[in-house]
Amino acid sequence: MLRKARIMATAGAFLIAAPIAVGAQDATVGPTAETLTTSPELVAAGDFSSLAIALDAEGHRHIAASEETIPTYEEWDAGAPMTGDLWYITDRDGSWAVQTLLESSGPGLGWTNPSIAVDDDGSVHIAVVNYHIGSTPDTTEGIFYLTDKDGAPGDFGPPVRIAPANMAEPSLAVVDGVRYLAYHKVSRLGEPPPPAPVFFKTDQSGAWVSHRLADHGGTPIVRVDPTGRAHIIYQAATSDGLDSSLRYVQVDPETGEPSSSKRIPGTRDLWYSSALALGPSGQPHVAWETSHDIAW
């Protein structure tokens, strides 16, 4: 039997459906209609702008979500600030529990784009961006990391900066205590545009070691297979920003060194979203969106 969960986000609320059993599947039409969904559960109410979810070895759900509050014109004129808090939501103890991990760190500063991972020992790890709310182009104070590994479940330590200012879109994986992080620098306009590199870093050697994967790009995703080999995809762009493609990198599980990148066929001039998953044997599966369809 397969298990699936459906996530739904709506303005002013965040909901998640309970895991469901999926019955026999027809190779042509997919799962039968009566096994597709259950009624969503209301987990937390708020103005959520980004979220991430991970499952632990026992199937408990762990969610990191950013709640962004932008005041109305009247509230703004009255001095109300823009805020962006980081929430942690889990059903680890059998029912949903919600806690605010990080509140806005200053006027106009908030937390966004969280990435969450759960290690085999049940410890929860979160990477999140501290950013200037409403800035165009985006300006960040860097990527921060927090975990409950050294305390009781849900007792997170203070945030620690693990990537410098103007870095964004973290993708975090943790396996056997080793952390793997992919991220990129926020792009800027210019003629020619200044570099917006894509980075990967890991503490496999005991200390963080950073690698530059591309001079221009974005939206990296990292996943780690059972052997400890990290797999990364990211969008790479030419220096003039006129051409792009989706590229793939493996990271040696012994040395932590990334391989040379390879372009994924069919992804030239790709400017849309992508996704990466690993099969039981570590085989990567990549899906990406074009201007009119989804490719695999």
# chains A, B, ... in the order shown; residues from 1 in each chain; ligands from 1
>>> select_by_dssp(residues="segment 243-294 of chain A", states="strand (DSSP E)", output="PyMOL selection string")
chain A and resi 244-251+262-263+274-278+284-289+294
>>> write_last_selection(atoms="N, CA and C atoms", output="PDB file, in the first residue's frame")
ATOM      1  N   SER A 244      19.444  29.554 -20.127  1.00  0.00           N
ATOM      2  CA  SER A 244      19.513  28.797 -18.877  1.00  0.00           C
ATOM      3  C   SER A 244      19.249  27.329 -19.142  1.00  0.00           C
ATOM      4  N   SER A 245      19.602  26.500 -18.170  1.00  0.00           N
ATOM      5  CA  SER A 245      19.315  25.076 -18.240  1.00  0.00           C
ATOM      6  C   SER A 245      19.325  24.508 -16.837  1.00  0.00           C
ATOM      7  N   LEU A 246      18.738  23.352 -16.678  1.00  0.00           N
ATOM      8  CA  LEU A 246      18.733  22.651 -15.407  1.00  0.00           C
ATOM      9  C   LEU A 246      19.932  21.713 -15.392  1.00  0.00           C
ATOM     10  N   ARG A 247      20.731  21.782 -14.321  1.00  0.00           N
ATOM     11  CA  ARG A 247      21.941  20.974 -14.254  1.00  0.00           C
ATOM     12  C   ARG A 247      21.913  20.087 -13.009  1.00  0.00           C
ATOM     13  N   TYR A 248      22.696  18.999 -13.076  1.00  0.00           N
ATOM     14  CA  TYR A 248      22.692  17.961 -12.042  1.00  0.00           C
ATOM     15  C   TYR A 248      24.116  17.710 -11.563  1.00  0.00           C
ATOM     16  N   VAL A 249      24.259  17.555 -10.239  1.00  0.00           N
ATOM     17  CA  VAL A 249      25.556  17.305  -9.617  1.00  0.00           C
ATOM     18  C   VAL A 249      25.401  16.211  -8.573  1.00  0.00           C
ATOM     19  N   GLN A 250      26.399  15.328  -8.482  1.00  0.00           N
ATOM     20  CA  GLN A 250      26.504  14.381  -7.371  1.00  0.00           C
ATOM     21  C   GLN A 250      27.634  14.808  -6.452  1.00  0.00           C
ATOM     22  N   VAL A 251      27.511  14.456  -5.172  1.00  0.00           N
ATOM     23  CA  VAL A 251      28.548  14.768  -4.196  1.00  0.00           C
ATOM     24  C   VAL A 251      29.110  13.468  -3.639  1.00  0.00           C
ATOM     25  N   LYS A 262      26.184  18.299 -15.004  1.00  0.00           N
ATOM     26  CA  LYS A 262      25.706  17.822 -16.300  1.00  0.00           C
ATOM     27  C   LYS A 262      24.362  18.474 -16.600  1.00  0.00           C
ATOM     28  N   ARG A 263      24.187  18.928 -17.842  1.00  0.00           N
ATOM     29  CA  ARG A 263      22.902  19.512 -18.221  1.00  0.00           C
ATOM     30  C   ARG A 263      21.869  18.407 -18.377  1.00  0.00           C
ATOM     31  N   SER A 274      11.230  23.465 -10.581  1.00  0.00           N
ATOM     32  CA  SER A 274      11.674  22.090 -10.768  1.00  0.00           C
ATOM     33  C   SER A 274      11.599  21.362  -9.437  1.00  0.00           C
ATOM     34  N   ALA A 275      11.722  20.018  -9.485  1.00  0.00           N
ATOM     35  CA  ALA A 275      11.630  19.201  -8.277  1.00  0.00           C
ATOM     36  C   ALA A 275      12.537  17.984  -8.434  1.00  0.00           C
ATOM     37  N   LEU A 276      13.038  17.479  -7.303  1.00  0.00           N
ATOM     38  CA  LEU A 276      13.957  16.350  -7.296  1.00  0.00           C
ATOM     39  C   LEU A 276      13.534  15.366  -6.217  1.00  0.00           C
ATOM     40  N   ALA A 277      13.503  14.085  -6.567  1.00  0.00           N
ATOM     41  CA  ALA A 277      13.243  13.011  -5.603  1.00  0.00           C
ATOM     42  C   ALA A 277      14.178  11.856  -5.920  1.00  0.00           C
ATOM     43  N   LEU A 278      14.441  11.016  -4.918  1.00  0.00           N
ATOM     44  CA  LEU A 278      15.328   9.872  -5.090  1.00  0.00           C
ATOM     45  C   LEU A 278      14.562   8.578  -4.885  1.00  0.00           C
ATOM     46  N   PRO A 284      18.088   9.355  -9.141  1.00  0.00           N
ATOM     47  CA  PRO A 284      17.383  10.645  -9.108  1.00  0.00           C
ATOM     48  C   PRO A 284      16.235  10.697 -10.107  1.00  0.00           C
ATOM     49  N   HIS A 285      15.152  11.342  -9.692  1.00  0.00           N
ATOM     50  CA  HIS A 285      14.019  11.610 -10.570  1.00  0.00           C
ATOM     51  C   HIS A 285      13.788  13.124 -10.552  1.00  0.00           C
ATOM     52  N   VAL A 286      13.713  13.716 -11.731  1.00  0.00           N
ATOM     53  CA  VAL A 286      13.600  15.166 -11.842  1.00  0.00           C
ATOM     54  C   VAL A 286      12.342  15.520 -12.624  1.00  0.00           C
ATOM     55  N   ALA A 287      11.588  16.466 -12.120  1.00  0.00           N
ATOM     56  CA  ALA A 287      10.441  17.001 -12.847  1.00  0.00           C
ATOM     57  C   ALA A 287      10.642  18.508 -12.959  1.00  0.00           C
ATOM     58  N   TRP A 288      10.180  19.085 -14.087  1.00  0.00           N
ATOM     59  CA  TRP A 288      10.302  20.526 -14.233  1.00  0.00           C
ATOM     60  C   TRP A 288       9.120  21.071 -15.023  1.00  0.00           C
ATOM     61  N   GLU A 289       8.859  22.326 -14.778  1.00  0.00           N
ATOM     62  CA  GLU A 289       7.734  23.010 -15.397  1.00  0.00           C
ATOM     63  C   GLU A 289       8.229  23.854 -16.562  1.00  0.00           C
ATOM     64  N   ILE A 294       4.381  20.058 -17.759  1.00  0.00           N
ATOM     65  CA  ILE A 294       5.341  19.525 -16.803  1.00  0.00           C
ATOM     66  C   ILE A 294       6.047  18.344 -17.440  1.00  0.00           C
TER      67      ILE A 294
END
>>> atom_distance(atom1="atom CA of Arg179 of chain A", atom2="atom CA of Phe144 of chain A")
13.2 Å
>>> closest_residue(among="A:Asp155, A:Asp148, A:Asp225, A:Glu67", to="Pro280 of chain A", atoms="only C-alpha atoms")
A:Asp225
>>> closest_residue(among="A:Val178, A:Ala196, A:Trp208, A:Thr147", to="Ala163 of chain A", atoms="only C-alpha atoms")
A:Trp208
>>> closest_residue(among="A:Asp150, A:Glu141, A:Asp91, A:Asp121", to="Ala165 of chain A", atoms="only C-alpha atoms")
A:Glu141
>>> residues_around(residues="Thr112 of chain A", least_positions_apart="6", cutoff="10 Å", atoms="only C-alpha atoms", output="PyMOL selection string")
chain A and resi 48-51+64-68+84-86+127-133+140+143+168-169
